[in-house]
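Listing of start_18.cif, mmCIF, C-alpha atoms
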data_query
#
loop_
_atom_site.label_atom_id
_atom_site.label_comp_id
_atom_site.auth_asym_id
_atom_site.auth_seq_id
_atom_site.Cartn_x
_atom_site.Cartn_y
_atom_site.Cartn_z
CA MET A 953 71.79 158.85 132.39
CA GLY A 954 74.07 156.25 130.91
CA LYS A 955 77.74 156.69 130.34
CA VAL A 956 78.47 158.27 126.96
CA ASN A 957 81.77 157.94 125.14
CA PRO A 958 82.62 161.42 123.75
CA LYS A 959 84.87 159.85 121.09
CA ALA A 960 82.10 157.61 119.69
CA PRO A 961 81.03 158.53 116.15
CA VAL A 962 77.64 160.12 115.64
CA PRO A 963 75.27 158.11 113.42
CA ASP A 964 74.44 159.50 109.98
CA GLY A 965 71.51 161.90 109.91
CA ILE A 966 69.18 160.88 107.11
CA SER A 967 66.22 163.03 106.10
CA GLN A 968 64.09 163.42 103.00
CA PHE A 969 66.31 166.05 101.37
CA CYS A 970 69.82 165.55 102.80
CA THR A 971 72.22 163.17 104.53
CA THR A 972 74.64 164.44 107.17
CA LYS A 973 77.84 162.53 107.97
CA GLN A 974 80.39 163.23 110.69
CA GLN A 975 83.93 164.06 109.55
CA PRO A 976 87.04 163.07 111.51
CA GLU A 977 88.32 165.62 114.00
CA ASN A 978 91.17 167.92 113.00
CA GLU A 979 94.32 168.74 114.98
CA LYS A 980 92.40 171.24 117.16
CA GLY A 981 89.74 168.67 118.03
CA PHE A 982 86.97 170.24 115.92
CA VAL A 983 84.55 167.73 114.44
CA GLY A 984 82.78 168.89 111.29
CA TYR A 985 79.87 167.51 109.34
CA HIS A 986 79.46 166.88 105.62
CA THR A 987 76.01 167.41 104.11
CA GLU A 988 74.96 165.71 100.87
CA TRP A 989 71.84 167.24 99.34
CA VAL A 990 69.38 165.18 97.31
CA GLU A 991 68.27 166.82 94.09
CA TRP A 992 64.50 166.89 93.75
CA HIS A 993 64.42 169.07 90.61
CA LYS A 994 65.81 167.89 87.33
CA GLU A 995 67.88 170.52 85.55
CA VAL A 996 67.15 170.68 81.83
CA PRO A 997 69.45 172.57 79.46
CA TYR A 998 67.90 175.60 77.79
CA GLU A 999 66.91 175.24 74.14
CA THR A 1000 66.04 178.24 72.01
CA PRO A 1001 62.48 178.10 70.70
CA LYS A 1002 61.87 177.50 67.01
CA THR A 1003 61.15 180.55 64.93
CA PRO A 1004 57.66 180.70 63.37
#

Can you present the structure in this file as structure tokens?
Amino acid sequence: MGKVNPKAPVPDGISQFCTTKQQPENEKGFVGYHTEWVEWHKEVPYETPKTP
């Protein structure tokens, strides 16, 4: 195996429904990830039906 730098950033994970990005590490050394979801349904506001 090749030499891997543990401090190197992880590339963005791109899929059909979400994108995952690495966040900077905190004071304890924990590295989190931020997930951005892609909306595939359009939300339409509710309208009351007309009365007959």

Q. Could you name the residues that touch segment 976-992 of chain A at 12 Å or less, counting all atoms listed in the file, but leaving out those on the same chain fewer than 6 positions away, as a count of residues only?
A. 13

**Q.** Atomic distance atom CA of Thr971 of chain A - atom CA of Lys994 of chain A, expressed in Å with one decimal
**A.** 19.0 Å

What are the centre and edge lengths in Å, to one decimal, of the axis-aligned box around all listed atoms of segment 986-992 of chain A with 3 Å added on each side, as JSON?
{"center_x": 72.0, "center_y": 166.3, "center_z": 99.7, "size_x": 21.0, "size_y": 8.2, "size_z": 17.9}
